[in-house]
Each structure stands twice: as C-alpha cells, then as structure tokens.
file run.cif (mmCIF, C-alpha atoms and all ligand atoms)
data_entry
#
loop_
_atom_site.label_atom_id
_atom_site.label_comp_id
_atom_site.auth_asym_id
_atom_site.auth_seq_id
_atom_site.Cartn_x
_atom_site.Cartn_y
_atom_site.Cartn_z
CA MET C 1 166.50 81.54 167.35
CA SER C 2 165.15 81.01 170.85
CA SER C 3 167.36 79.68 173.63
CA GLU C 4 164.30 78.01 175.17
CA SER C 5 164.80 74.29 175.75
CA ALA C 6 162.77 71.46 174.22
CA SER C 7 161.75 70.18 177.64
CA ASN C 8 160.15 73.52 178.52
CA THR C 9 156.91 72.18 177.18
CA GLY C 10 154.58 75.12 177.94
CA SER C 11 155.53 77.40 175.07
CA ILE C 12 156.20 74.47 172.74
CA GLN C 13 152.75 73.01 173.33
CA ALA C 14 151.19 76.39 172.50
CA ALA C 15 153.17 76.53 169.24
CA GLN C 16 152.09 73.02 168.32
CA SER C 17 148.35 73.38 168.83
CA ASN C 18 147.63 73.33 165.04
CA LEU C 19 149.81 70.27 164.38
CA THR C 20 148.62 66.68 163.92
CA TRP C 21 151.57 64.34 164.52
CA VAL C 22 154.45 66.48 165.83
CA PRO C 23 153.22 66.92 169.44
CA LYS C 24 153.10 63.17 170.20
CA ALA C 25 156.16 62.39 168.07
CA SER C 26 158.11 65.08 169.98
CA GLU C 27 157.18 63.46 173.30
CA ILE C 28 158.38 60.10 172.00
CA ALA C 29 161.65 61.53 170.64
CA ILE C 30 162.32 63.37 173.91
CA GLU C 31 161.66 60.16 175.88
CA GLY C 32 164.03 58.28 173.54
CA GLY C 33 166.66 61.01 173.89
CA LYS C 34 166.43 60.85 177.69
CA ARG C 35 167.23 57.12 177.51
CA LEU C 36 170.22 57.89 175.28
CA ARG C 37 171.51 60.40 177.86
CA GLU C 38 171.14 57.80 180.61
CA PHE C 39 172.96 55.17 178.55
CA LEU C 40 175.75 57.64 177.81
CA ALA C 41 176.13 58.47 181.50
CA GLN C 42 176.23 54.82 182.56
CA GLY C 43 178.54 53.75 179.69
CA VAL C 44 177.65 51.09 177.12
CA GLU C 45 179.46 48.29 175.39
CA THR C 46 179.96 48.64 171.68
CA GLU C 47 179.50 45.84 169.16
CA TYR C 48 180.34 45.73 165.48
CA LYS C 49 177.52 45.29 162.91
CA GLY C 50 180.06 44.97 160.08
CA ASP C 51 183.81 45.62 159.98
CA VAL C 52 183.59 49.20 161.36
CA ASP C 53 179.85 49.78 161.73
CA LEU C 54 179.08 50.22 165.44
CA VAL C 55 175.90 49.43 167.37
CA THR C 56 175.14 49.57 171.09
CA ILE C 57 172.40 48.44 173.42
CA ALA C 58 171.25 52.07 173.35
CA ASP C 59 170.41 51.91 169.61
CA ARG C 60 168.35 48.74 170.12
CA THR C 61 166.63 49.77 173.36
CA VAL C 62 165.58 53.17 172.05
CA GLU C 63 164.28 51.71 168.77
CA LYS C 64 162.18 49.28 170.82
CA LEU C 65 160.88 52.13 172.97
CA ILE C 66 159.95 54.28 169.94
CA ARG C 67 158.34 51.29 168.19
CA THR C 68 156.24 50.54 171.29
CA ARG C 69 155.18 54.16 171.81
CA LEU C 70 154.28 54.67 168.13
CA GLY C 71 152.24 51.45 168.25
CA GLU C 72 150.32 52.73 171.31
CA ILE C 73 149.68 56.23 169.96
CA PHE C 74 149.32 55.62 166.21
CA PRO C 75 148.27 51.94 166.04
CA GLU C 76 147.60 52.12 162.30
CA HIS C 77 151.01 53.57 161.43
CA GLY C 78 153.90 51.53 160.05
CA VAL C 79 157.40 51.72 161.57
CA TYR C 80 160.61 51.23 159.58
CA GLY C 81 163.62 51.39 161.90
CA GLU C 82 167.36 51.20 161.36
CA GLU C 83 167.74 48.37 163.88
CA GLY C 84 165.34 46.11 161.98
CA THR C 85 161.78 47.12 162.87
CA ARG C 86 159.38 46.54 159.95
CA ASP C 87 155.85 46.89 161.38
CA ARG C 88 152.65 47.40 159.35
CA MET C 89 154.48 48.17 156.08
CA GLU C 90 151.24 48.07 154.10
CA GLY C 91 149.60 51.01 155.93
CA GLU C 92 148.95 54.55 154.68
CA PHE C 93 151.46 56.10 157.12
CA ARG C 94 155.03 55.00 157.78
CA TRP C 95 157.55 56.32 160.32
CA TYR C 96 161.23 56.13 159.37
CA VAL C 97 163.07 55.89 162.69
CA ASP C 98 166.73 56.30 163.52
CA PRO C 99 166.81 55.81 167.29
CA LEU C 100 170.41 57.01 167.51
CA ASP C 101 171.83 58.95 164.58
CA GLY C 102 175.49 59.43 165.40
CA THR C 103 176.29 56.05 166.96
CA THR C 104 180.04 56.44 166.42
CA ASN C 105 179.97 59.76 168.30
CA PHE C 106 177.87 58.19 171.06
CA ALA C 107 180.21 55.21 171.42
CA HIS C 108 183.18 57.56 171.86
CA GLY C 109 181.40 59.93 174.25
CA PHE C 110 181.41 62.72 171.64
CA PRO C 111 178.19 64.53 172.58
CA HIS C 112 176.60 65.02 169.16
CA PHE C 113 173.83 62.62 168.19
CA CYS C 114 170.03 62.58 167.97
CA VAL C 115 166.76 60.72 167.61
CA SER C 116 165.22 61.12 164.14
CA MET C 117 161.62 60.29 163.17
CA GLY C 118 160.10 61.12 159.78
CA LEU C 119 156.52 60.32 158.72
CA GLU C 120 155.61 59.42 155.14
CA GLN C 121 152.03 59.28 153.84
CA ARG C 122 151.57 56.59 151.19
CA PRO C 123 148.26 56.59 149.29
CA ALA C 124 146.85 53.09 148.63
CA HIS C 125 147.71 53.04 144.88
CA LEU C 126 151.49 53.58 145.41
CA LYS C 127 153.86 50.86 144.28
CA PRO C 128 156.34 49.69 146.95
CA GLU C 129 159.23 51.39 145.13
CA GLU C 130 157.39 54.74 144.83
CA ASP C 131 157.75 57.54 147.36
CA GLY C 132 154.80 58.94 149.23
CA THR C 133 154.80 62.42 150.77
CA LEU C 134 156.77 63.34 153.86
CA VAL C 135 154.27 64.92 156.21
CA ALA C 136 156.03 65.21 159.59
CA GLY C 137 159.54 65.17 160.98
CA VAL C 138 161.15 65.39 164.42
CA VAL C 139 164.87 65.52 165.21
CA TYR C 140 165.82 65.68 168.90
CA ASP C 141 169.31 66.41 170.22
CA PRO C 142 169.27 65.16 173.83
CA MET C 143 172.63 66.67 174.80
CA ARG C 144 171.54 70.22 173.95
CA ASP C 145 167.84 69.61 174.63
CA GLU C 146 167.04 70.96 171.17
CA ILE C 147 164.09 69.78 169.10
CA PHE C 148 163.57 70.51 165.40
CA THR C 149 160.07 69.79 164.09
CA ALA C 150 158.04 70.20 160.90
CA GLU C 151 154.71 69.30 159.36
CA ARG C 152 154.06 69.74 155.66
CA GLY C 153 152.62 73.17 154.91
CA LYS C 154 153.03 74.33 158.51
CA GLY C 155 156.66 75.45 158.62
CA ALA C 156 159.69 74.21 160.52
CA HIS C 157 160.34 74.94 164.18
CA PHE C 158 163.22 74.90 166.66
CA ASN C 159 162.08 74.44 170.28
CA GLY C 160 158.65 75.68 169.21
CA ARG C 161 159.82 78.81 167.33
CA PRO C 162 159.72 79.15 163.51
CA ILE C 163 163.02 78.69 161.69
CA HIS C 164 164.26 79.52 158.18
CA VAL C 165 167.23 78.53 156.08
CA SER C 166 170.08 81.04 155.69
CA ALA C 167 170.05 83.78 153.05
CA ILE C 168 173.66 83.31 151.91
CA PRO C 169 173.74 83.69 148.10
CA GLU C 170 177.03 82.07 147.10
CA LEU C 171 179.15 79.07 147.89
CA ALA C 172 182.24 81.14 148.72
CA GLU C 173 180.48 82.46 151.86
CA THR C 174 178.99 79.22 153.13
CA LEU C 175 179.53 76.80 156.00
CA LEU C 176 178.83 73.27 154.77
CA ALA C 177 178.55 69.74 156.17
CA THR C 178 178.97 66.25 154.86
CA GLY C 179 179.45 62.71 156.15
CA PHE C 180 181.23 59.49 155.27
CA PRO C 181 179.88 55.96 155.43
CA SER C 182 181.24 53.64 158.10
CA ARG C 183 180.84 50.64 155.75
CA LYS C 184 182.94 50.24 152.60
CA ARG C 185 184.61 53.63 153.06
CA HIS C 186 187.22 52.88 150.41
CA ASN C 187 184.39 52.78 147.81
CA SER C 188 183.22 56.29 148.64
CA PRO C 189 184.50 59.12 146.41
CA ASN C 190 183.42 61.69 148.99
CA VAL C 191 186.88 62.57 150.26
CA HIS C 192 187.56 64.23 146.87
CA PHE C 193 184.35 66.25 147.12
CA TYR C 194 185.28 67.15 150.70
CA GLN C 195 188.57 68.62 149.48
CA GLU C 196 186.98 70.63 146.68
CA PHE C 197 184.16 72.04 148.80
CA THR C 198 186.59 72.88 151.61
CA LEU C 199 188.65 74.99 149.20
CA ARG C 200 185.58 76.78 147.84
CA SER C 201 183.68 77.63 151.07
CA HIS C 202 184.29 78.82 154.63
CA GLY C 203 184.64 75.16 155.58
CA VAL C 204 183.04 71.73 155.68
CA ARG C 205 182.03 70.16 159.01
CA ARG C 206 181.86 66.40 159.50
CA ALA C 207 180.05 66.24 162.81
CA GLY C 208 178.73 62.65 162.52
CA SER C 209 174.94 62.93 162.50
CA ALA C 210 173.23 63.36 159.13
CA ALA C 211 169.84 64.09 160.70
CA LEU C 212 171.33 66.93 162.77
CA ASP C 213 173.22 68.21 159.71
CA LEU C 214 169.89 68.52 157.87
CA ALA C 215 168.21 70.10 160.90
CA TYR C 216 171.07 72.64 161.05
CA VAL C 217 170.54 73.53 157.37
CA ALA C 218 166.87 74.13 158.21
CA ALA C 219 167.86 76.34 161.13
CA GLY C 220 170.40 78.36 159.12
CA ARG C 221 173.36 77.10 161.18
CA LEU C 222 174.69 75.47 158.01
CA ASP C 223 174.07 76.57 154.42
CA ALA C 224 174.20 73.14 152.76
CA PHE C 225 174.79 69.44 153.38
CA TRP C 226 175.54 66.54 151.05
CA GLU C 227 176.25 62.86 151.50
CA PHE C 228 176.40 59.63 149.49
CA ASN C 229 174.44 56.50 150.42
CA LEU C 230 172.23 57.55 153.28
CA ASN C 231 169.11 55.61 154.26
CA PRO C 232 165.54 56.88 154.69
CA TRP C 233 165.83 56.69 158.49
CA ASP C 234 168.74 59.18 158.32
CA THR C 235 167.02 61.66 156.00
CA ALA C 236 163.19 61.49 156.17
CA ALA C 237 162.75 63.95 159.05
CA GLY C 238 165.56 66.27 157.96
CA ILE C 239 164.31 66.60 154.37
CA LEU C 240 160.96 67.90 155.52
CA LEU C 241 162.67 70.26 157.98
CA VAL C 242 164.78 71.78 155.19
CA GLU C 243 161.86 72.07 152.77
CA GLU C 244 159.54 73.60 155.36
CA ALA C 245 162.28 76.05 156.37
CA GLY C 246 162.40 77.28 152.76
CA GLY C 247 165.37 75.25 151.45
CA SER C 248 165.85 72.75 148.61
CA VAL C 249 166.60 69.03 148.66
CA THR C 250 167.64 67.22 145.46
CA ASP C 251 170.03 64.56 144.28
CA PHE C 252 173.48 65.68 143.02
CA SER C 253 172.06 66.35 139.54
CA GLY C 254 169.32 68.63 140.84
CA ASN C 255 166.53 66.06 140.36
CA PRO C 256 163.81 65.79 142.99
CA TYR C 257 165.05 63.78 145.96
CA ARG C 258 163.65 60.29 146.47
CA LEU C 259 163.97 58.32 149.70
CA ASP C 260 166.08 55.75 147.86
CA SER C 261 168.15 58.32 145.91
CA ARG C 262 171.33 57.27 147.75
CA GLU C 263 172.66 60.80 147.32
CA ILE C 264 171.38 63.94 148.99
CA LEU C 265 172.09 67.61 148.43
CA ALA C 266 170.23 69.97 150.75
CA SER C 267 170.75 73.71 150.91
CA ASN C 268 169.21 77.07 151.60
CA GLY C 269 167.92 76.94 148.00
CA ARG C 270 169.80 80.07 146.88
CA ILE C 271 173.04 78.14 146.29
CA GLN C 272 171.47 74.89 145.02
CA LYS C 273 172.14 75.68 141.32
CA GLU C 274 175.77 76.57 142.01
CA LEU C 275 176.24 73.35 144.01
CA VAL C 276 174.65 71.16 141.30
CA ALA C 277 176.89 72.78 138.65
CA LEU C 278 179.95 72.12 140.81
CA PHE C 279 178.94 68.47 141.34
CA GLU C 280 178.66 68.13 137.56
CA ASP C 281 182.16 69.57 137.11
CA LEU C 282 183.65 67.41 139.85
CA PHE C 283 182.11 64.19 138.52
CA ALA C 284 183.51 65.10 135.08
CA GLY C 285 186.92 65.95 136.57
CA ARG C 286 186.68 69.59 135.36
CA ASN C 287 188.00 72.65 137.21
CA LEU C 288 189.58 70.69 140.05
CA ALA C 289 191.56 72.82 142.47
CA PRO C 290 195.30 72.28 141.80
CA ILE C 291 197.17 70.50 144.59
CA PRO C 292 200.68 71.90 145.25
CA THR C 293 203.59 69.66 144.36
CA PRO C 294 205.80 68.56 147.31
CA GLN C 295 208.40 71.13 146.16
CA GLU C 296 205.83 73.93 146.10
CA ALA C 297 204.52 72.91 149.52
CA ALA C 298 208.08 72.86 150.95
CA ALA C 299 208.82 76.28 149.44
CA ALA C 300 205.60 77.66 150.95
CA ARG C 301 206.60 76.28 154.39
CA ARG C 302 210.07 77.83 154.10
CA LYS C 303 208.55 81.19 153.12
CA ALA C 304 206.10 81.05 156.06
CA ARG C 305 208.95 80.26 158.51
CA SER C 306 211.10 83.14 157.28
CA SER C 307 208.35 85.77 157.33
C1 LIG H 401 175.43 57.78 160.41
C2 LIG H 401 175.47 59.27 160.66
C3 LIG H 401 176.67 59.88 159.97
C4 LIG H 401 176.68 59.60 158.50
C5 LIG H 401 176.62 58.08 158.26
C6 LIG H 401 175.38 57.50 158.95
P1 LIG H 401 174.35 56.20 162.32
O1 LIG H 401 174.27 57.20 161.01
O2 LIG H 401 174.31 59.90 160.20
O3 LIG H 401 176.70 61.30 160.10
O4 LIG H 401 177.85 60.13 157.92
O5 LIG H 401 176.56 57.86 156.86
O6 LIG H 401 175.36 56.10 158.73
O7 LIG H 401 175.00 54.95 161.84
O8 LIG H 401 175.14 56.90 163.36
O9 LIG H 401 172.91 56.05 162.66
CA CA H 402 171.81 57.19 160.94
CA CA H 403 171.47 54.89 163.86
#
call {"tool": "encode", "arguments": {"input": "run.cif", "output": "structure tokens", "more": "lines below"}}
Ligand code: IPD
Ligand code: CA
Ligand code: CA
result
Amino acid sequence: MSSESASNTGSIQAAQSNLTWVPKASEIAIEGGKRLREFLAQGVETEYKGDVDLVTIADRTVEKLIRTRLGEIFPEHGVYGEEGTRDRMEGEFRWYVDPLDGTTNFAHGFPHFCVSMGLEQRPAHLKPEEDGTLVAGVVYDPMRDEIFTAERGKGAHFNGRPIHVSAIPELAETLLATGFPSRKRHNSPNVHFYQEFTLRSHGVRRAGSAALDLAYVAAGRLDAFWEFNLNPWDTAAGILLVEEAGGSVTDFSGNPYRLDSREILASNGRIQKELVALFEDLFAGRNLAPIPTPQEAAAARRKARSS
C-alpha cells in the first residue's frame, strides 16, 4: 500500500480519471473530514440522542455540508443521511451519508473516525423496500488523511492505489473486527460472538467505526468484520469497497447482503464459508469454547505465579 496521503491530489486525480462519481465525492468527503478535524481541535459539546447514543454539532454541521455539496454537484441525486437528511428519495441515485462514523471516539478525542458516502443506483421499477446496486463508495479518515474509494467494476483504491483483500485462508490466522450498538446494548448477543471469535483467531478489534472496519477489510488490514444492526449509512460505502477489493459480503447465514439486512459479515472471501458455519454453530449453541471454572482459573493463576 502507498504511504501517499489523500490530500496529495496529483497522483490521486490521475488514478481517478476513468471514474464517474468518486472524484467529486472524494473532494466532498475530504472537505467534510477537514471540518471534523477543526471541530476536534476546538472541542465540541456532546449531546445524547438516546440514553447513550452521542451526537455533536460536528455530526450535524458536516451532514449539512455534504448535503449542500451533493445538491450542487449532483442535483438529481437523493441524499439519505444519519442526522435526518431525506432529499429527493424518488430519484435514480441515492447517497447514504454518515458524516461522522465513530462519534463516540470523536467525543472522547480518540482519533479514529471517518466520513462515509455510498451511492446506490435504483432503477425506476424498484419497490421502496428493494435494494438497487451500489455503484460508488468513499470512506475518508481525516486523522490519517487516508481515503478509500471504489466504483462498481473499477476496483477499490487506497489514496489512489489499487487495494485487495488479504489472502489468509483460515480463521485461526485472522485479525477480525466487530462493533457493538450504543442503543439497547443489553439486547445485543454480540458479546458472546466476540468471545468465541477472540478464542479462534489472532484477535478481534473493536475500534469504533464500522465504515473504517469495512475499508480495512478491503485494504487487507483486517481479514473479516461482522456486526449486528448497522444502518445503510454505516455500510453502503464499505460494502462496495470490500466487494471491489475481491472480498465477500453476506448476512450471517451466507445470503446476499441487503441494505436492511441488519447483520453484516464481510471478509476476504476465502474464510467466508468457515465464518458462516461458525455463526450457525454459535446460534445453535454448538461447539462453544469451554470457560474455565473459578477453581480452574485460580489453579492456572497459581501455576503461572510459581513458574
Ligand atoms: C457507530 C460506529 C460503531 C458501530 C456502531 C455505529 P456512529 O456509528 O460505526 O463502530 O459499532 O454500531 O452506530 O454512531 O459513530 O455513526
Ligand atoms: Ca455510523
Ligand atoms: Ca454517525
């Protein structure tokens, strides 16, 4: 992978000359990301959307900026944003926008968050509940100045250079990622899956930005990612990145992913079957890793101290 930065536009522009939407969308995402950096530097007040779901002025301001820019550049395109934007929903094209994916990180000054913009093409005959085709995606990390981009059929790129998923063939050798909802956490079974996957892999990261997790799978920095209950603004761009980088995206049963699937399993493709089989086992309560009893754990601690 290149160490070139996203703002070094010369080489990136050259690499984007055959692309339709990514060049302008990248400019918008980089502008949005710059605003996020400024907000982070100046410090922002945090509000609660629900009991633990955070939102800041940065989320709202950057959504407004992206909405305005998309309206100027692609006046026919719809915009569906996390902070409430619902513009031109009847059009052929629709952007799913998360102006700040990783708000909890941002609010705590943990420098891992991004702008995510995914474009869906929806032919006129589609019913509202049917998915169109994802045709473009941009994920921009303003703290590292890294941009991940894709257009359908034209590959995935990192700062203008082609990227591919990893070649790791089995779960035991993987680095994974997942996430947990901020709302209704007690209803999420994911902590059990977290335990099982941690025991069966090199580790599971919970870095706090689903869009970056997906971009990292595309770039081969992670081998797979799963999460329950994400929204299209979290996933639209990242799905296309993973697919265009040669990976697979399905639900936990291995069925084709839909934007309203509420469960996502993305990987380098080579381990997708193994992951789906493990999900099936875990949902059925089969082959769970045994947890040591308190006595066994105490004996193991004593042994470790004496050796
Ligand atoms: C969240 C992040 C996080 C994921 C949560 C999302 P937000 O998005 O993507 O990684 O675990 O489920 O809600 O709220 O920071 O835009
Ligand atoms: Ca999000
Ligand atoms: Ca968000």
call {"tool": "residues_near_ligand", "arguments": {"input": "run.cif", "ligand": "ligand LIG 401 (chain H)", "cutoff": "6 Å", "atoms": "only C-alpha atoms and all ligand atoms", "output": "PDB file with C-alpha atoms, in the frame of the given file"}}
result
ATOM      1  CA  LEU C 100     170.410  57.010 167.510  1.00  0.00           C
ATOM      2  CA  ASP C 101     171.830  58.950 164.580  1.00  0.00           C
ATOM      3  CA  GLY C 102     175.490  59.430 165.400  1.00  0.00           C
ATOM      4  CA  THR C 103     176.290  56.050 166.960  1.00  0.00           C
ATOM      5  CA  THR C 104     180.040  56.440 166.420  1.00  0.00           C
ATOM      6  CA  GLY C 179     179.450  62.710 156.150  1.00  0.00           C
ATOM      7  CA  PHE C 180     181.230  59.490 155.270  1.00  0.00           C
ATOM      8  CA  PRO C 181     179.880  55.960 155.430  1.00  0.00           C
ATOM      9  CA  GLY C 208     178.730  62.650 162.520  1.00  0.00           C
ATOM     10  CA  SER C 209     174.940  62.930 162.500  1.00  0.00           C
ATOM     11  CA  ALA C 210     173.230  63.360 159.130  1.00  0.00           C
ATOM     12  CA  LEU C 230     172.230  57.550 153.280  1.00  0.00           C
ATOM     13  CA  ASP C 234     168.740  59.180 158.320  1.00  0.00           C
TER      14      ASP C 234
END
call {"tool": "closest_residue", "arguments": {"input": "run.cif", "among": "C:Trp233, C:Tyr216, C:Phe193, C:Tyr257", "to": "Gly285 in chain C", "atoms": "all atoms listed in the file"}}
result
C:Phe193
call {"tool": "closest_atom_pairs", "arguments": {"input": "run.cif", "of": "chain C", "to": "ligand CA 403 (chain H)", "cutoff": "12 Å", "atoms": "only C-alpha atoms and all ligand atoms", "output": "Markdown table"}}
result
| residue | atom | partner | partner_atom | distance |
| --- | --- | --- | --- | --- |
| C:Leu36 | CA | H:CA403 | CA | 11.9 |
| C:Lys49 | CA | H:CA403 | CA | 11.4 |
| C:Asp53 | CA | H:CA403 | CA | 10.0 |
| C:Leu54 | CA | H:CA403 | CA | 9.1 |
| C:Val55 | CA | H:CA403 | CA | 7.9 |
| C:Thr56 | CA | H:CA403 | CA | 9.7 |
| C:Ile57 | CA | H:CA403 | CA | 11.6 |
| C:Ala58 | CA | H:CA403 | CA | 9.9 |
| C:Asp59 | CA | H:CA403 | CA | 6.6 |
| C:Arg60 | CA | H:CA403 | CA | 9.3 |
| C:Thr61 | CA | H:CA403 | CA | 11.8 |
| C:Val62 | CA | H:CA403 | CA | 10.2 |
| C:Glu63 | CA | H:CA403 | CA | 9.3 |
| C:Gly81 | CA | H:CA403 | CA | 8.8 |
| C:Glu82 | CA | H:CA403 | CA | 6.1 |
| C:Glu83 | CA | H:CA403 | CA | 7.5 |
| C:Gly84 | CA | H:CA403 | CA | 10.9 |
| C:Tyr96 | CA | H:CA403 | CA | 11.2 |
| C:Val97 | CA | H:CA403 | CA | 8.5 |
| C:Asp98 | CA | H:CA403 | CA | 5.0 |
| C:Pro99 | CA | H:CA403 | CA | 5.9 |
| C:Leu100 | CA | H:CA403 | CA | 4.4 |
| C:Asp101 | CA | H:CA403 | CA | 4.1 |
| C:Gly102 | CA | H:CA403 | CA | 6.3 |
| C:Thr103 | CA | H:CA403 | CA | 5.8 |
| C:Thr104 | CA | H:CA403 | CA | 9.1 |
| C:Asn105 | CA | H:CA403 | CA | 10.8 |
| C:Phe106 | CA | H:CA403 | CA | 10.2 |
| C:Ala107 | CA | H:CA403 | CA | 11.6 |
| C:Phe113 | CA | H:CA403 | CA | 9.2 |
| C:Cys114 | CA | H:CA403 | CA | 8.8 |
| C:Val115 | CA | H:CA403 | CA | 8.4 |
| C:Ser116 | CA | H:CA403 | CA | 8.8 |
| C:Met117 | CA | H:CA403 | CA | 11.3 |
| C:Pro181 | CA | H:CA403 | CA | 12.0 |
| C:Ser182 | CA | H:CA403 | CA | 11.4 |
| C:Gly208 | CA | H:CA403 | CA | 10.7 |
| C:Ser209 | CA | H:CA403 | CA | 8.9 |
| C:Ala210 | CA | H:CA403 | CA | 9.9 |
| C:Ala211 | CA | H:CA403 | CA | 9.9 |
| C:Leu230 | CA | H:CA403 | CA | 10.9 |
| C:Asn231 | CA | H:CA403 | CA | 9.9 |
| C:Pro232 | CA | H:CA403 | CA | 11.1 |
| C:Trp233 | CA | H:CA403 | CA | 8.0 |
| C:Asp234 | CA | H:CA403 | CA | 7.5 |
| C:Thr235 | CA | H:CA403 | CA | 11.3 |
call {"tool": "residues_around", "arguments": {"input": "run.cif", "residues": "Tyr80 in chain C", "least_positions_apart": "3", "cutoff": "7 Å", "atoms": "all atoms listed in the file", "output": "compact mmCIF listing (two decimals) with C-alpha atoms, in the coordinates of the input"}}
result
# COMPACT_ATOMS: atom_id res chain seq x y z
CA THR C 85 161.78 47.12 162.87
CA ARG C 86 159.38 46.54 159.95
CA ASP C 87 155.85 46.89 161.38
CA ARG C 94 155.03 55.00 157.78
CA TRP C 95 157.55 56.32 160.32
CA TYR C 96 161.23 56.13 159.37
CA VAL C 97 163.07 55.89 162.69
call {"tool": "closest_residue", "arguments": {"input": "run.cif", "among": "C:Gly238, C:Pro292, C:Pro111, C:Gly269", "to": "Arg37 in chain C", "atoms": "only C-alpha atoms"}}
result
C:Pro111
call {"tool": "closest_residue", "arguments": {"input": "run.cif", "among": "C:Leu212, C:Asn287, C:Ser188, C:Ser7", "to": "ligand CA 402 (chain H)", "atoms": "all atoms listed in the file"}}
result
C:Leu212
call {"tool": "atom_distance", "arguments": {"input": "run.cif", "atom1": "CA of Asn18 in chain C", "atom2": "CA of Ala224 in chain C"}}
result
29.3 Å
call {"tool": "residues_around", "arguments": {"input": "run.cif", "residues": "range 69-72 of chain C", "least_positions_apart": "2", "cutoff": "10 Å", "atoms": "only C-alpha atoms", "output": "short mmCIF file (atom, residue, chain, number, x, y, z; two decimals) with C-alpha atoms, keeping the file's coordinate frame"}}
result
data_model
loop_
_atom_site.label_atom_id
_atom_site.label_comp_id
_atom_site.auth_asym_id
_atom_site.auth_seq_id
_atom_site.Cartn_x
_atom_site.Cartn_y
_atom_site.Cartn_z
CA LYS C 24 153.10 63.17 170.20
CA ALA C 25 156.16 62.39 168.07
CA GLU C 27 157.18 63.46 173.30
CA ILE C 28 158.38 60.10 172.00
CA ALA C 29 161.65 61.53 170.64
CA GLU C 31 161.66 60.16 175.88
CA GLY C 32 164.03 58.28 173.54
CA GLU C 63 164.28 51.71 168.77
CA LYS C 64 162.18 49.28 170.82
CA LEU C 65 160.88 52.13 172.97
CA ILE C 66 159.95 54.28 169.94
CA ARG C 67 158.34 51.29 168.19
CA PHE C 74 149.32 55.62 166.21
CA PRO C 75 148.27 51.94 166.04
CA GLU C 76 147.60 52.12 162.30
CA HIS C 77 151.01 53.57 161.43
CA GLY C 78 153.90 51.53 160.05
CA VAL C 79 157.40 51.72 161.57
CA ASP C 87 155.85 46.89 161.38
CA ARG C 88 152.65 47.40 159.35
CA TRP C 95 157.55 56.32 160.32
#
call {"tool": "residues_around", "arguments": {"input": "run.cif", "residues": "range 155-163 of chain C", "least_positions_apart": "2", "cutoff": "6 Å", "atoms": "all atoms listed in the file", "output": "list in words"}}
result
Ala6, Ile12, Ala15, Ile147, Phe148, Thr149, Ala150, Gly153, Ala219, Leu241, Glu244 and Ala245 of chain C
call {"tool": "residues_near_point", "arguments": {"input": "run.cif", "point": "(179.9, 83.0, 148.9)", "cutoff": "9 Å", "atoms": "only C-alpha atoms", "output": "list in words"}}
result
Ile168, Pro169, Glu170, Leu171, Ala172, Glu173, Thr174, Arg200, Ser201, His202 and Ile271 of chain C
call {"tool": "closest_residue", "arguments": {"input": "run.cif", "among": "C:Ala124, C:Ala218, C:Lys273, C:Glu227", "to": "ligand CA 402 (chain H)", "atoms": "only C-alpha atoms and all ligand atoms"}}
result
C:Glu227
call {"tool": "atom_distance", "arguments": {"input": "run.cif", "atom1": "CA of Met89 in chain C", "atom2": "CA of Val249 in chain C"}}
result
25.2 Å
call {"tool": "residues_near_point", "arguments": {"input": "run.cif", "point": "(176.0, 59.6, 180.7)", "cutoff": "12 Å", "atoms": "all atoms listed in the file", "output": "PyMOL selection string"}}
result
chain C and resi 33-44+58+106-111+142-143
call {"tool": "closest_residue", "arguments": {"input": "run.cif", "among": "C:Glu129, C:Asp223, C:Glu120, C:Glu45", "to": "Ser166 in chain C", "atoms": "all atoms listed in the file"}}
result
C:Asp223
call {"tool": "atom_distance", "arguments": {"input": "run.cif", "atom1": "CA of Arg205 in chain C", "atom2": "CA of Gly246 in chain C"}}
result
21.8 Å
call {"tool": "axis_aligned_box", "arguments": {"input": "run.cif", "around": "range 112-122 of chain C", "padding_each_side": "4 Å", "output": "AutoDock Vina command-line options"}}
result
--center_x 164.1 --center_y 60.8 --center_z 160.2 --size_x 33.0 --size_y 16.4 --size_z 26.0
call {"tool": "closest_residue", "arguments": {"input": "run.cif", "among": "C:Glu243, C:Asp260, C:Glu274, C:Glu280", "to": "Arg152 in chain C", "atoms": "all atoms listed in the file"}}
result
C:Glu243
